[in-house]
Each structure stands twice: as structure tokens, then as C-alpha cells.
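A.B. asks: Got a structure here, written out as C-alpha cells. Questions coming.
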Amino acid sequence: MDGAGAGGDLDAVAVGQLHAWGIPYDSDASEAVAVIVAELAANAVTHGRVPGRDFELRLALVTGGVRVEVTDSRSGSRPPGPGDVRAPLPLAESGRGLVVVDAVADRWEVLDREPPGKTVRAEVDVPGWLSLVRRA
């Protein structure tokens with residue numbers, strides 16, 4: 001999935017894909033993935049946008065759960081990774097995206113990408129994931 005200016009639309013698409021894989025719309029995993037997709041897509045549009053290039057969203061069933069990856073093509077400074085994210089000041093207008101991802105994801109990381117850019121990868125555990133893999 002590619003996104004040029006999306007957060008709300010992409011999280012709906014992501015939740016629809018999870019539902020197709022057998023993860024119900026109102027499940028904890030589905031809600032967590034929707035939040036992660038919305039936050040990472042917003043970050044990619046705000047901080048990772050390069051004129052003429054979109055970002056990429058990937059969803060995958062992995063051992064134990066669902067993986068969300070958002071890749072952009074902006075080089076330069078990397079966002080903080082797990083353990084390095086700091087909560088913004090109470091009246092700050094931005095800076096909460098990765099705080100939310102850190103709170104909702106079971107695991108996440110920031111990876112360099114070749115050609116220039118980065119990928120933020122987050123995983124959400126899904127109880128009963130093996131039955132999903134057999135069905136898919």
C-alpha cells in the first residue's frame with residue numbers, strides 16, 4: 001500500500017486487511033494496528049516526505065502477530081527508537097506519535113533503508129495467530 005497523504009484512510013484499509021485475515025474489527029490487535037498505522041503514516045507525511053515520493057505501508061502476518069512497516073525516503077536524522085522516546089511537554093502541539101506507538105506496540109524498531117530513507121517496524125501480538133496463518 002502506498003500513501004501520499006493518508007492516516008485515516010490507511011488505518012481503515014489496514015483494519016480491513018486484518019479482518020480479511022480473521023482478526024475482528026473490534027479486537028485489541030485490530031485497534032492497536034489502526035493506531036500504529038495512523039501515527040506512523042502521519043509521521044511519514046510530516047517528517048519523511050520527499051517531494052515526488054510517497055511512503056510505503058506494509059502489513060504482514062508474522063510469527064505471533066501482525067507486523068506494520070512504514071518506509072519513507074527521507075535521509076538525515078532518524079527518529080528515536082524504543083527506550084529513547086521522550087514524552088513531549090504538556091502543551092506541545094506535536095511529538096506524541098512515537099510515544100503512542102511505544103505504548104501500543106509489543107515491539108518496534110527503526111531501521112535504515114537503502115537507498116536513503118528509513119523504516120519504522122512495529123509488531124502487535126495476536127492471540128491464536130497460528131489459526132490465522134493456516135486460514136490465510
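Just remember, in the C-alpha cells the first chain shown is A, the second B, etc., residues are 1-based per chain, and ligands are 1-based in the order shown.
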Apply DSSP to the structure's backbone, then extract all residues of chain A labelled alpha helix (DSSP H) and return them as a PyMOL selection string.
C.D. replies: chain A and resi 8-20+28-47+97-104+129-135
A.B. asks: Those residues you just picked out, can you put them in a file as a compact mmCIF listing (two decimals), in the first residue's frame with N, CA and C atoms?
C.D. replies:
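In the end it all went to selection-v9.txt:
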```txt
# COMPACT_ATOMS: atom_id res chain seq x y z
N GLY A 8 -6.01 8.54 8.22
CA GLY A 8 -7.32 7.96 8.47
C GLY A 8 -7.72 6.92 7.45
N ASP A 9 -7.43 7.16 6.18
CA ASP A 9 -7.79 6.19 5.15
C ASP A 9 -6.96 4.92 5.27
N LEU A 10 -5.68 5.06 5.51
CA LEU A 10 -4.82 3.88 5.59
C LEU A 10 -5.13 3.01 6.80
N ASP A 11 -5.48 3.62 7.93
CA ASP A 11 -5.80 2.78 9.08
C ASP A 11 -7.06 1.97 8.81
N ALA A 12 -8.02 2.53 8.06
CA ALA A 12 -9.23 1.78 7.70
C ALA A 12 -8.89 0.64 6.75
N VAL A 13 -8.00 0.90 5.80
CA VAL A 13 -7.56 -0.15 4.88
C VAL A 13 -6.84 -1.26 5.65
N ALA A 14 -5.98 -0.87 6.58
CA ALA A 14 -5.23 -1.84 7.38
C ALA A 14 -6.17 -2.71 8.21
N VAL A 15 -7.13 -2.09 8.87
CA VAL A 15 -8.09 -2.84 9.69
C VAL A 15 -8.93 -3.77 8.81
N GLY A 16 -9.27 -3.33 7.61
CA GLY A 16 -9.98 -4.19 6.67
C GLY A 16 -9.16 -5.40 6.28
N GLN A 17 -7.85 -5.21 6.08
CA GLN A 17 -6.98 -6.34 5.75
C GLN A 17 -6.89 -7.30 6.93
N LEU A 18 -6.77 -6.78 8.13
CA LEU A 18 -6.73 -7.65 9.30
C LEU A 18 -8.02 -8.46 9.42
N HIS A 19 -9.14 -7.82 9.16
CA HIS A 19 -10.43 -8.52 9.21
C HIS A 19 -10.45 -9.65 8.16
N ALA A 20 -9.92 -9.38 6.97
CA ALA A 20 -9.85 -10.41 5.93
C ALA A 20 -8.96 -11.58 6.37
N ASP A 28 -8.53 -6.15 20.24
CA ASP A 28 -7.42 -5.32 20.74
C ASP A 28 -6.33 -5.19 19.68
N ALA A 29 -6.02 -6.29 18.99
CA ALA A 29 -4.97 -6.25 17.98
C ALA A 29 -5.34 -5.32 16.83
N SER A 30 -6.58 -5.40 16.38
CA SER A 30 -7.04 -4.55 15.28
C SER A 30 -6.98 -3.07 15.67
N GLU A 31 -7.42 -2.76 16.87
CA GLU A 31 -7.39 -1.37 17.33
C GLU A 31 -5.95 -0.88 17.48
N ALA A 32 -5.06 -1.74 17.98
CA ALA A 32 -3.66 -1.34 18.13
C ALA A 32 -3.02 -1.08 16.77
N VAL A 33 -3.28 -1.96 15.80
CA VAL A 33 -2.73 -1.77 14.46
C VAL A 33 -3.27 -0.48 13.84
N ALA A 34 -4.55 -0.19 14.01
CA ALA A 34 -5.12 1.05 13.46
C ALA A 34 -4.41 2.27 14.02
N VAL A 35 -4.15 2.28 15.32
CA VAL A 35 -3.47 3.41 15.95
C VAL A 35 -2.04 3.53 15.42
N ILE A 36 -1.34 2.40 15.34
CA ILE A 36 0.04 2.41 14.86
C ILE A 36 0.12 2.91 13.43
N VAL A 37 -0.76 2.40 12.56
CA VAL A 37 -0.75 2.82 11.16
C VAL A 37 -1.03 4.33 11.07
N ALA A 38 -2.02 4.81 11.79
CA ALA A 38 -2.34 6.24 11.74
C ALA A 38 -1.16 7.09 12.20
N GLU A 39 -0.52 6.71 13.29
CA GLU A 39 0.60 7.50 13.82
C GLU A 39 1.80 7.46 12.89
N LEU A 40 2.17 6.25 12.41
CA LEU A 40 3.34 6.15 11.54
C LEU A 40 3.11 6.79 10.18
N ALA A 41 1.89 6.70 9.66
CA ALA A 41 1.58 7.37 8.39
C ALA A 41 1.65 8.88 8.56
N ALA A 42 1.11 9.39 9.66
CA ALA A 42 1.18 10.83 9.92
C ALA A 42 2.62 11.28 10.05
N ASN A 43 3.45 10.49 10.74
CA ASN A 43 4.87 10.83 10.87
C ASN A 43 5.57 10.83 9.52
N ALA A 44 5.25 9.83 8.67
CA ALA A 44 5.88 9.75 7.36
C ALA A 44 5.51 10.96 6.50
N VAL A 45 4.25 11.38 6.56
CA VAL A 45 3.81 12.54 5.79
C VAL A 45 4.45 13.81 6.34
N THR A 46 4.52 13.94 7.65
CA THR A 46 5.02 15.16 8.28
C THR A 46 6.54 15.26 8.25
N HIS A 47 7.23 14.16 8.57
CA HIS A 47 8.68 14.22 8.76
C HIS A 47 9.49 13.49 7.68
N GLY A 97 3.44 10.97 18.52
CA GLY A 97 3.25 9.82 17.65
C GLY A 97 4.02 8.58 18.10
N LEU A 98 5.32 8.72 18.28
CA LEU A 98 6.12 7.56 18.69
C LEU A 98 5.89 7.19 20.15
N VAL A 99 5.46 8.15 20.95
CA VAL A 99 5.08 7.82 22.34
C VAL A 99 3.89 6.87 22.31
N VAL A 100 2.94 7.14 21.43
CA VAL A 100 1.76 6.29 21.28
C VAL A 100 2.16 4.92 20.74
N VAL A 101 3.00 4.91 19.69
CA VAL A 101 3.46 3.63 19.12
C VAL A 101 4.18 2.82 20.20
N ASP A 102 5.03 3.47 20.98
CA ASP A 102 5.76 2.78 22.05
C ASP A 102 4.81 2.17 23.07
N ALA A 103 3.70 2.84 23.33
CA ALA A 103 2.73 2.35 24.32
C ALA A 103 1.87 1.22 23.78
N VAL A 104 1.60 1.21 22.47
CA VAL A 104 0.63 0.28 21.89
C VAL A 104 1.28 -0.96 21.29
N TRP A 129 -2.75 -16.69 16.66
CA TRP A 129 -2.25 -16.33 15.33
C TRP A 129 -2.05 -17.53 14.44
N LEU A 130 -1.74 -18.70 15.01
CA LEU A 130 -1.49 -19.87 14.17
C LEU A 130 -2.73 -20.26 13.36
N SER A 131 -3.90 -20.12 13.93
CA SER A 131 -5.11 -20.44 13.18
C SER A 131 -5.31 -19.45 12.02
N LEU A 132 -4.82 -18.21 12.16
CA LEU A 132 -4.91 -17.23 11.09
C LEU A 132 -4.01 -17.62 9.92
N VAL A 133 -2.80 -18.08 10.26
CA VAL A 133 -1.84 -18.47 9.23
C VAL A 133 -2.35 -19.66 8.46
N ARG A 134 -2.93 -20.62 9.15
CA ARG A 134 -3.50 -21.80 8.48
C ARG A 134 -4.64 -21.40 7.53
N ARG A 135 -5.42 -20.41 7.95
CA ARG A 135 -6.55 -19.96 7.13
C ARG A 135 -6.08 -19.16 5.92
```
A.B. asks: Which polymer residues have any atom within 6 Å of an atom of A:Gly65, counting only C-alpha atoms, with same-chain residues fewer than 5 positions away left out, as a list in words?
C.D. replies: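 In the requested form, the answer reads Val124, Asp125, Val126 and Trp129 of chain A.
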A.B. asks: Could you jot down the atom CA of A:Val70 to atom CA of A:Gly83 separation for me, Å, one decimal place?
C.D. replies: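 Going from atom CA of A:Val70 over to atom CA of A:Gly83 covers 19.4 Å.
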A.B. asks: Assign secondary structure with DSSP using the backbone only, and return the residues of stretch 27-82 of chain A in strand (DSSP E or B) as a ChimeraX atom specification.
C.D. replies: /A:50,53,55-62,65-72
A.B. asks: Which residues are close to A:Asp112, i.e. within 10 Å by only C-alpha atoms, leaving aside same-chain residues fewer than 3 positions away? Reply as a list in words.
C.D. replies: Thr71, Ser75, Arg78, Pro115, Pro116, Gly117, Lys118, Thr119 and Val120 of chain A
A.B. asks: I'd like to know which of A:Ala87, A:Leu111, A:Gly22, A:Ser73 is closest to A:Leu61, using only C-alpha atoms.
C.D. replies: A:Gly22
A.B. asks: Rounded to one decimal place, report the atom CA of A:Arg58-atom CA of A:Ala105 distance in Å.
C.D. replies: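 Rounded to one decimal, the two atoms are 15.5 Å apart.
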A.B. asks: Please report the interatomic distance between atom CA of A:Glu69 and atom CA of A:Leu57 in Å with one decimal.
C.D. replies: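 These two atoms are separated by 5.7 Å.
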